[in-house]
Amino acid sequence: MPFNEELVASLRAALAANPDNPHLHKHLGDILMAGEDLLGAEQEYRLALKLSPQDLGIKLALAEAFLKQEKHSASLVLVEDLLAEPNPSAQAHLLSAHLMARKGDIGRATHHYLKAREIQPGLQDPDLESRIPFFEPPDPPQSQVPELPAPPGIDLSQLSFFQLAAESELERVPAQSFPEEPGFLPLEKPDLGFADVGGMSQVKEEIELKIIHPLKHPELYAAYGKSAGGGILMYGPPGCGKTHLARATAGEVNASFLAVGINDILDMWMGQSERNLHQIFEQARASTPCVLFFDEVDALGASRSDMRQSAGRHLINQFLLELDGIQARNEGVLILAATNAPWHLDPAFRRPGRFDRILFVPPPDQESREAILKLILSGKPTEGIDYTTLAKKSEGLSGADLKALVDRAVEMRLREAIKSGSPAPLRQKDLLQALKQTRSTVQEWLTSARNYALYANQSGFYDDVLHYLKL
């Protein structure tokens, strides 16, 4: 499609009158792509995909725009979605072949190229074939086949065998990852839900009200002018399941999950941290519904009054801007954050529309400890386990502490199994013995939280901590 400035101008005029038409955005993107305006094409495809998230043609076009800009990770996310369809197109396999070839996975590149040619007979891609060593075009005229010396140690007559072997080995080849472009992180599709999270019933109820119900019943929330999206901040001692709960939330609503750590954002160059943060939000907006999870958020959103350098304040301002959705809407982006030190978080994050649900995730109570122990021990050989007694005796332990307890008991049984030559199930006495060696890791946190709750709680932020400590 030749580049036509008049056509571009007319399409932009049409979009000004009808901005919610995904087909117009796609058409404009195609023209810009043909004119090598790759960034402009990407922007139009993103807008089109936001308006029509299930359109495979738009996904394919955006994946190609990413590939041409060498944004390999972003392209791969879309291509994997396309290949998961019941009948993937030849173009989806072709794009996957290009991506695999660029990261040196020749086996998968060959597999997807052959699959594309099978779906679309006559398809040829000389650029791709040049990246696949020893690829033989099918059935060329004999006179056009050059006589080439065989590569050392390779019998060219066995080439078809190598291709078949590569295909048969695909499932055994470990996936390789591209160097991540800033702002493009691996998307997950968690296969766990709330049933896989022991206890925390009150926290689950809050998340259901804020995140899950708006996605499952959008018409009810729309009637009250509420949209799906928003933020929840979870705070509490380490090892009590905040990250696990965030993944389960994504699995509960079949949403993408994007886990963000401080190393994914912070950069030594001026302004790059803000750009990284913006691109991560953009990735979440392009992958809705998406649970965007920030771990150790206090490291990114520390109180500006405590900062001596302006760089940290700029990053916090950018974070607040992204949460407010001023430059781009956050509908369908479900933002969860976790912190062990809420007292270091800038108060601006707690304003309505940002992290307007603040949830205390305490150490598990007896009922929760019993549920957690059952989950940890499921699938392991056990005999005569009294979960109620174990839960009573393990008061003050976090979920991580309980996992360490079981690990110690397993190690003791393994030592015995090595000596005897046969495995034996875990017993109650093994777990009780391991319990004597397990110390709570939450007491230090509770001491700090108690001081803040008693002496720095003017806004009532730590009332849940006071309630938990019975103060």
# chains A, B, ... in the order shown; residues from 1 in each chain; ligands from 1
call {"tool": "residues_around", "arguments": {"residues": "A:His278", "least_positions_apart": "5", "cutoff": "9 Å", "atoms": "only C-alpha atoms", "output": "list in words"}}
result
Gly183, Ser273, Gln283, Gln318, Phe319 and Glu322 of chain A
call {"tool": "residues_around", "arguments": {"residues": "A:Gly199", "least_positions_apart": "4", "cutoff": "8 Å", "atoms": "only C-alpha atoms", "output": "list in words"}}
result
Pro364, Asp365, Glu367, Ser368, Arg369, Ala371 and Ile372 of chain A
call {"tool": "residues_around", "arguments": {"residues": "A:Val77", "least_positions_apart": "5", "cutoff": "10 Å", "atoms": "only C-alpha atoms", "output": "list in words"}}
result
Ala63, His72, Leu82, Phe184, Leu185, Pro186, Leu187, Glu188 and Ser287 of chain A
call {"tool": "residues_around", "arguments": {"residues": "stretch 436-450 of chain A", "least_positions_apart": "3", "cutoff": "10 Å", "atoms": "only C-alpha atoms", "output": "PyMOL selection string"}}
result
chain A and resi 236-240+340-343+362-363+393-398+400-402+404-406+408+431-433+453-456+462+465-466+468-469+471
call {"tool": "write_last_selection", "arguments": {"atoms": "N, CA and C atoms", "output": "mmCIF file, in the first residue's frame"}}
result
data_model
loop_
_atom_site.group_PDB
_atom_site.id
_atom_site.type_symbol
_atom_site.label_atom_id
_atom_site.label_comp_id
_atom_site.auth_asym_id
_atom_site.auth_seq_id
_atom_site.Cartn_x
_atom_site.Cartn_y
_atom_site.Cartn_z
ATOM 1 N N GLY A 236 1.653 -5.295 55.468
ATOM 2 C CA GLY A 236 1.728 -6.261 56.554
ATOM 3 C C GLY A 236 3.111 -6.860 56.630
ATOM 4 N N PRO A 237 3.332 -7.779 57.576
ATOM 5 C CA PRO A 237 4.660 -8.371 57.750
ATOM 6 C C PRO A 237 5.045 -9.228 56.549
ATOM 7 N N PRO A 238 6.334 -9.435 56.316
ATOM 8 C CA PRO A 238 6.763 -10.254 55.183
ATOM 9 C C PRO A 238 6.364 -11.710 55.358
ATOM 10 N N GLY A 239 6.177 -12.374 54.214
ATOM 11 C CA GLY A 239 5.902 -13.808 54.239
ATOM 12 C C GLY A 239 4.474 -14.181 54.531
ATOM 13 N N CYS A 240 3.543 -13.218 54.446
ATOM 14 C CA CYS A 240 2.142 -13.515 54.786
ATOM 15 C C CYS A 240 1.242 -13.640 53.552
ATOM 16 N N ASN A 340 5.977 -3.807 52.998
ATOM 17 C CA ASN A 340 6.199 -4.173 54.395
ATOM 18 C C ASN A 340 6.398 -2.938 55.260
ATOM 19 N N ALA A 341 6.533 -1.771 54.627
ATOM 20 C CA ALA A 341 6.808 -0.532 55.370
ATOM 21 C C ALA A 341 5.884 0.581 54.893
ATOM 22 N N PRO A 342 4.598 0.508 55.233
ATOM 23 C CA PRO A 342 3.658 1.521 54.758
ATOM 24 C C PRO A 342 3.962 2.907 55.299
ATOM 25 N N TRP A 343 4.669 2.970 56.417
ATOM 26 C CA TRP A 343 4.988 4.273 57.013
ATOM 27 C C TRP A 343 5.989 5.074 56.173
ATOM 28 N N PRO A 362 -2.562 -9.510 57.868
ATOM 29 C CA PRO A 362 -1.904 -9.895 59.120
ATOM 30 C C PRO A 362 -1.311 -11.295 59.023
ATOM 31 N N PRO A 363 -0.538 -11.692 60.024
ATOM 32 C CA PRO A 363 -0.149 -13.098 60.110
ATOM 33 C C PRO A 363 -1.410 -13.963 60.170
ATOM 34 N N LYS A 393 -0.620 -24.829 67.760
ATOM 35 C CA LYS A 393 0.733 -24.736 68.289
ATOM 36 C C LYS A 393 1.639 -23.800 67.485
ATOM 37 N N SER A 394 1.175 -23.394 66.280
ATOM 38 C CA SER A 394 2.031 -22.568 65.412
ATOM 39 C C SER A 394 1.599 -21.107 65.410
ATOM 40 N N GLU A 395 0.984 -20.665 66.502
ATOM 41 C CA GLU A 395 0.530 -19.274 66.577
ATOM 42 C C GLU A 395 1.704 -18.316 66.390
ATOM 43 N N GLY A 396 1.476 -17.249 65.609
ATOM 44 C CA GLY A 396 2.505 -16.251 65.370
ATOM 45 C C GLY A 396 3.358 -16.516 64.148
ATOM 46 N N LEU A 397 3.204 -17.677 63.510
ATOM 47 C CA LEU A 397 3.986 -17.988 62.321
ATOM 48 C C LEU A 397 3.299 -17.441 61.067
ATOM 49 N N SER A 398 4.088 -16.972 60.137
ATOM 50 C CA SER A 398 3.557 -16.511 58.855
ATOM 51 C C SER A 398 3.424 -17.688 57.893
ATOM 52 N N ALA A 400 5.097 -18.056 55.182
ATOM 53 C CA ALA A 400 6.462 -18.452 54.836
ATOM 54 C C ALA A 400 7.090 -19.282 55.955
ATOM 55 N N ASP A 401 6.783 -18.929 57.201
ATOM 56 C CA ASP A 401 7.297 -19.716 58.332
ATOM 57 C C ASP A 401 6.745 -21.134 58.302
ATOM 58 N N LEU A 402 5.465 -21.268 57.982
ATOM 59 C CA LEU A 402 4.852 -22.597 57.908
ATOM 60 C C LEU A 402 5.472 -23.419 56.780
ATOM 61 N N ALA A 404 8.559 -23.109 55.774
ATOM 62 C CA ALA A 404 9.867 -23.517 56.291
ATOM 63 C C ALA A 404 9.725 -24.685 57.263
ATOM 64 N N LEU A 405 8.664 -24.663 58.062
ATOM 65 C CA LEU A 405 8.403 -25.767 59.009
ATOM 66 C C LEU A 405 8.267 -27.093 58.261
ATOM 67 N N VAL A 406 7.436 -27.108 57.225
ATOM 68 C CA VAL A 406 7.218 -28.336 56.454
ATOM 69 C C VAL A 406 8.511 -28.770 55.772
ATOM 70 N N ARG A 408 11.543 -28.344 56.797
ATOM 71 C CA ARG A 408 12.409 -28.980 57.798
ATOM 72 C C ARG A 408 11.958 -30.412 58.075
ATOM 73 N N LEU A 431 6.408 -33.113 62.173
ATOM 74 C CA LEU A 431 6.043 -31.704 62.065
ATOM 75 C C LEU A 431 6.181 -30.988 63.410
ATOM 76 N N LEU A 432 5.828 -31.668 64.509
ATOM 77 C CA LEU A 432 5.971 -31.059 65.832
ATOM 78 C C LEU A 432 7.437 -30.853 66.182
ATOM 79 N N GLN A 433 8.288 -31.787 65.767
ATOM 80 C CA GLN A 433 9.722 -31.633 66.016
ATOM 81 C C GLN A 433 10.280 -30.465 65.208
ATOM 82 N N ALA A 453 1.394 2.561 65.050
ATOM 83 C CA ALA A 453 -0.044 2.551 65.310
ATOM 84 C C ALA A 453 -0.383 3.348 66.570
ATOM 85 N N LEU A 454 0.501 3.329 67.563
ATOM 86 C CA LEU A 454 0.229 4.043 68.809
ATOM 87 C C LEU A 454 0.557 5.529 68.731
ATOM 88 N N TYR A 455 1.600 5.886 67.987
ATOM 89 C CA TYR A 455 2.110 7.256 68.073
ATOM 90 C C TYR A 455 2.070 8.039 66.759
ATOM 91 N N ALA A 456 1.679 7.395 65.650
ATOM 92 C CA ALA A 456 1.625 8.118 64.362
ATOM 93 C C ALA A 456 0.399 7.681 63.579
ATOM 94 N N TYR A 462 -3.606 3.012 60.750
ATOM 95 C CA TYR A 462 -3.150 1.761 61.357
ATOM 96 C C TYR A 462 -4.165 1.186 62.343
ATOM 97 N N VAL A 465 -4.100 -2.536 62.571
ATOM 98 C CA VAL A 465 -2.977 -3.073 63.341
ATOM 99 C C VAL A 465 -3.316 -3.043 64.829
ATOM 100 N N LEU A 466 -3.910 -1.936 65.294
ATOM 101 C CA LEU A 466 -4.311 -1.856 66.705
ATOM 102 C C LEU A 466 -5.327 -2.943 67.041
ATOM 103 N N TYR A 468 -5.662 -5.840 65.530
ATOM 104 C CA TYR A 468 -4.981 -7.135 65.525
ATOM 105 C C TYR A 468 -4.200 -7.336 66.814
ATOM 106 N N LEU A 469 -3.550 -6.274 67.305
ATOM 107 C CA LEU A 469 -2.741 -6.375 68.530
ATOM 108 C C LEU A 469 -3.570 -6.246 69.798
ATOM 109 N N LEU A 471 -5.061 -3.619 71.049
ATOM 110 C CA LEU A 471 -4.685 -2.413 71.813
ATOM 111 C C LEU A 471 -5.794 -1.398 71.798
#
call {"tool": "atom_distance", "arguments": {"atom1": "atom CA of A:Asp105", "atom2": "atom CA of A:Glu80"}}
result
15.5 Å
